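K.L.:
One structure coming up, written as structure tokens, with questions to follow.
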Amino acid sequence: MGPNEFERVRVWDACALSGFTRMAGGFNPRRSVHDRRNRRFFRKLAHYFIQRELSMACVGCGRCAAVCHGDIGMPTVVEMIRAATNEAKAR
Amino acid sequence: MITAPTQNVYLPKAAVLERVVCEIPEVKTFYWRFEDVSEQTAFRHFRPGQFAQVSLFGVGEFPTSLPPSPTEDETFFTVRQVGSCTSALHHLTPGERFAVRGPYGDGFPMEQYYGKNLVFVAGGIGLIPLRSCIVYALSNREKYQHIQIFHGAKTPKELMYVPKLHEWEQTPGVECHLTVDRGNDGWKGNVGVVGSLFRKQGVEIPVENTIAFVCGPPVMFRFVIKDLLAMGFAERNIVSTLERYMKCGVGKCGHCCIGVAYVCVDGPVFTYEQIKRLGEDI
């Protein structure tokens, strides 16, 4: 590229990283890990997003579960929520 | 060869910086125009409260509110120097090029407010997005009832758009009240927070049929809302613009989500009623 030429590049970002919502002034609406984790699962699976987009944001590809060392991929978390709900119902 | 898609929403359009005006320390106004005249014409149909994305070559892109009113001829941004992109804009000299895309978001529904009283409450650089509404309302003066402007800053030197403020102070039918947190020797006006102006002698804010525009730092926002609600304002009659780091501007990337809303497409203008229902702190 020449001195007066510029290329527009796309850099991947992830909503689980703390810099995702941080603004230049230093304010970060989702500073802590649990805020960002909640955000991720609500965004992908919560009913109000499904109502809004008329489809689920998670396509069920399973890649998150395949690469996650901590086993907090979509299926595990959904299973955890389901188990907790059943437990609460049984009580 | 890969052919470009017919319409790329992310494609910024080249613009030229025309002149720079210092407003307050670290805040400058940048007058610019698109290199392509047809782009300029298309862009000027924005509504007060919308925002645009500014690209600085080699640095990046940032969202900024649009302080000009669509009734004005010039296009400009008023930007505080905080991060790498805004610093790069501050270092541009007139004649240099950058790029702009937009306008994005949903502005203030000024047409719905015809026949109402307007109260503008701005703290510091919160006057930037409200400037657009004020100028718009004043150029359609006969369509609105009473117009009141309350502007507060830290010091007299940090009052925004001083020539405009003087103009508004002189305009008949417009009340313009200024306040500073700390006065100096030359300052004869009010000293105190913006809310203190509401209780000043001779200031009467009509509550019925009134829309309050509030914009400013979170602390100020919280206290002004409290004051307005105490005065009897309905939550749906208080409007504000929220800020987030919008990356795409078109509701795709999710950087600006607050609760269920995307600030970039559902906002940035929200009523206080909506803000409370977002389900997340602002």
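Simple scheme: letters A, B, ... for chains in structure tokens order, numbers from 1 for residues in each chain, numbers from 1 for ligands in the order shown.
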Leaving out segment 136-146 of chain B and any residue of its chain fewer than 5 positions from it, which residues lie within 7 Å of it when counting only C-alpha atoms, given as a PDB file with C-alpha atoms, in the first residue's frame?

P.N.:
```
ATOM      1  CA  SER B  69     -29.572  20.790  13.396  1.00  0.00           C
ATOM      2  CA  THR B  71     -32.059  23.230   9.585  1.00  0.00           C
ATOM      3  CA  TYR B 114     -45.348  20.054  18.366  1.00  0.00           C
ATOM      4  CA  GLY B 115     -47.459  22.268  20.633  1.00  0.00           C
ATOM      5  CA  LYS B 116     -45.601  21.296  23.789  1.00  0.00           C
ATOM      6  CA  ASN B 117     -43.317  23.159  26.172  1.00  0.00           C
ATOM      7  CA  LEU B 118     -39.686  22.114  25.920  1.00  0.00           C
TER       8      LEU B 118
END
```

K.L.:
Check chain A with DSSP on the backbone and list each residue it calls alpha helix (DSSP H), as a PyMOL selection string.

P.N.:
chain A and resi 33-45+47-53+63-67+74-90

K.L.:
Store the residues picked out above, limited to C-alpha atoms, as a CSV table (one decimal), in the first residue's frame.

P.N.:
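Generated file (selection.csv):
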```
chain,number,residue,atom,x,y,z
A,33,VAL,CA,-16.9,-11.6,34.4
A,34,HIS,CA,-20.4,-12.5,35.6
A,35,ASP,CA,-21.9,-9.5,33.8
A,36,ARG,CA,-20.4,-10.6,30.6
A,37,ARG,CA,-21.3,-14.2,31.1
A,38,ASN,CA,-24.9,-13.4,31.8
A,39,ARG,CA,-24.9,-11.1,28.8
A,40,ARG,CA,-23.7,-13.9,26.6
A,41,PHE,CA,-26.3,-16.5,27.6
A,42,PHE,CA,-29.2,-14.0,27.8
A,43,ARG,CA,-28.3,-12.7,24.3
A,44,LYS,CA,-28.2,-16.2,22.9
A,45,LEU,CA,-31.0,-18.0,24.7
A,47,HIS,CA,-37.0,-15.5,25.6
A,48,TYR,CA,-37.0,-11.7,25.0
A,49,PHE,CA,-34.3,-11.9,22.4
A,50,ILE,CA,-36.1,-14.7,20.7
A,51,GLN,CA,-39.2,-12.6,20.6
A,52,ARG,CA,-37.2,-9.7,19.3
A,53,GLU,CA,-35.3,-11.5,16.6
A,63,ARG,CA,-18.1,-25.4,18.8
A,64,CYS,CA,-18.2,-23.6,22.2
A,65,ALA,CA,-18.6,-26.9,24.0
A,66,ALA,CA,-15.9,-28.6,21.9
A,67,VAL,CA,-13.2,-26.0,22.7
A,74,MET,CA,-24.1,-23.8,25.6
A,75,PRO,CA,-25.4,-27.4,26.2
A,76,THR,CA,-23.8,-27.7,29.6
A,77,VAL,CA,-25.3,-24.3,30.8
A,78,VAL,CA,-28.7,-25.1,29.4
A,79,GLU,CA,-28.6,-28.5,31.1
A,80,MET,CA,-27.6,-26.7,34.4
A,81,ILE,CA,-30.5,-24.3,34.1
A,82,ARG,CA,-32.9,-27.1,33.3
A,83,ALA,CA,-31.7,-29.2,36.3
A,84,ALA,CA,-32.0,-26.2,38.6
A,85,THR,CA,-35.5,-25.4,37.3
A,86,ASN,CA,-36.6,-29.0,37.8
A,87,GLU,CA,-35.1,-29.0,41.3
A,88,ALA,CA,-36.9,-25.8,42.2
A,89,LYS,CA,-40.2,-27.3,40.8
A,90,ALA,CA,-39.8,-30.4,42.9
```

K.L.:
Given the choices A:Gly60, A:Met23, A:Leu17, A:Val11, which gets closest to chain B if the distance is worked out from only C-alpha atoms?

P.N.:
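So, comparing all the options, the nearest one is A:Met23.
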
K.L.:
Distance atom CA of Asp266 of chain B-atom CA of Ser18 of chain A, one decimal place?

P.N.:
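Going from atom CA of Asp266 of chain B over to atom CA of Ser18 of chain A, I get 23.8 Å.
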
K.L.:
Do you have, as a Markdown table, the list of residues of chain B lying at most 7 Å from chain A, each with its nearest atom pair and that distance in Å to one decimal, counting only C-alpha atoms and ordered by chain then number?

P.N.:
```
| residue | atom | partner | partner_atom | distance |
| --- | --- | --- | --- | --- |
| B:Phe57 | CA | A:Phe6 | CA | 6.6 |
| B:Gly58 | CA | A:Phe6 | CA | 6.9 |
| B:Val82 | CA | A:Ala24 | CA | 5.9 |
| B:Gly83 | CA | A:Ala24 | CA | 5.0 |
| B:Tyr245 | CA | A:Met23 | CA | 5.7 |
| B:His255 | CA | A:Thr21 | CA | 5.8 |
| B:Val260 | CA | A:Phe49 | CA | 6.7 |
```

K.L.:
For the selection you just gave me, I'd like the residues written to a file as a CSV table (one decimal), in the first residue's frame, keeping N, CA and C atoms.

P.N.:
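Everything below was put into out-v2.csv:
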```csv
chain,number,residue,atom,x,y,z
B,57,PHE,N,-8.2,7.5,9.3
B,57,PHE,CA,-7.4,6.6,8.6
B,57,PHE,C,-6.2,6.1,9.4
B,58,GLY,N,-6.0,4.8,9.5
B,58,GLY,CA,-4.9,4.3,10.2
B,58,GLY,C,-5.1,4.1,11.7
B,82,VAL,N,-10.4,12.0,24.2
B,82,VAL,CA,-10.3,11.0,25.3
B,82,VAL,C,-9.4,9.8,24.9
B,83,GLY,N,-9.7,9.2,23.7
B,83,GLY,CA,-9.0,8.0,23.3
B,83,GLY,C,-8.2,8.2,22.1
B,245,TYR,N,-20.4,2.3,23.3
B,245,TYR,CA,-19.4,2.3,22.2
B,245,TYR,C,-20.0,1.5,21.1
B,255,HIS,N,-22.3,-4.6,20.6
B,255,HIS,CA,-21.5,-3.8,21.5
B,255,HIS,C,-22.3,-2.9,22.4
B,260,VAL,N,-32.4,-5.5,26.7
B,260,VAL,CA,-32.9,-6.0,25.4
B,260,VAL,C,-32.7,-5.0,24.3
```

K.L.:
Among segment 32-192 of chain B, which residues carry a DSSP assignment of strand (DSSP E or B), reported as a ChimeraX atom specification?

P.N.:
/B:32-34,51-56,60-65,75-80,97-104,106,117-123,147-153,174-180,190-191

K.L.:
Applying 12 Å and only C-alpha atoms, which residues near Thr29 of chain B remain after dropping the ones on its own chain fewer than 6 positions away? List them as a ChimeraX atom specification.

P.N.:
/B:17-23,64-68,74-81,86,89-90,92,94,125,128,160-161

K.L.:
Set the distance at 6 Å and use only C-alpha atoms: which residues neighbour Arg101 of chain B once local chain neighbours fewer than 5 positions away are removed? I'd like the list as a PyMOL selection string.

P.N.:
chain B and resi 12+52-53

K.L.:
Have a look at atom CA of Cys257 of chain B and atom CA of Asn237 of chain B and let me know their distance in Å, one decimal.

P.N.:
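Computed distance, atom CA of Cys257 of chain B to atom CA of Asn237 of chain B, equals 23.2 Å.
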
K.L.:
Tell me, in Å to one decimal, how far atom CA of Gly124 of chain B is from atom CA of Val27 of chain B.

P.N.:
10.7 Å

K.L.:
Write out as a list of chain:residue names which residues come within 8 Å of Val59 of chain B when counting only C-alpha atoms, dropping same-chain ones fewer than 3 positions away.

P.N.:
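After dropping sequence-adjacent residues, the list is B:Ser55, B:Leu56, B:Ser84, B:Cys85, B:Ala88.
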
K.L.:
Which polymer residues have any atom within 10 Å of an atom of His177 of chain B, counting only C-alpha atoms, with same-chain residues fewer than 2 positions away left out, as a PyMOL selection string?

P.N.:
chain B and resi 121+148-152+165+168-169+174-175+179+189-190+194+197-198+200+203
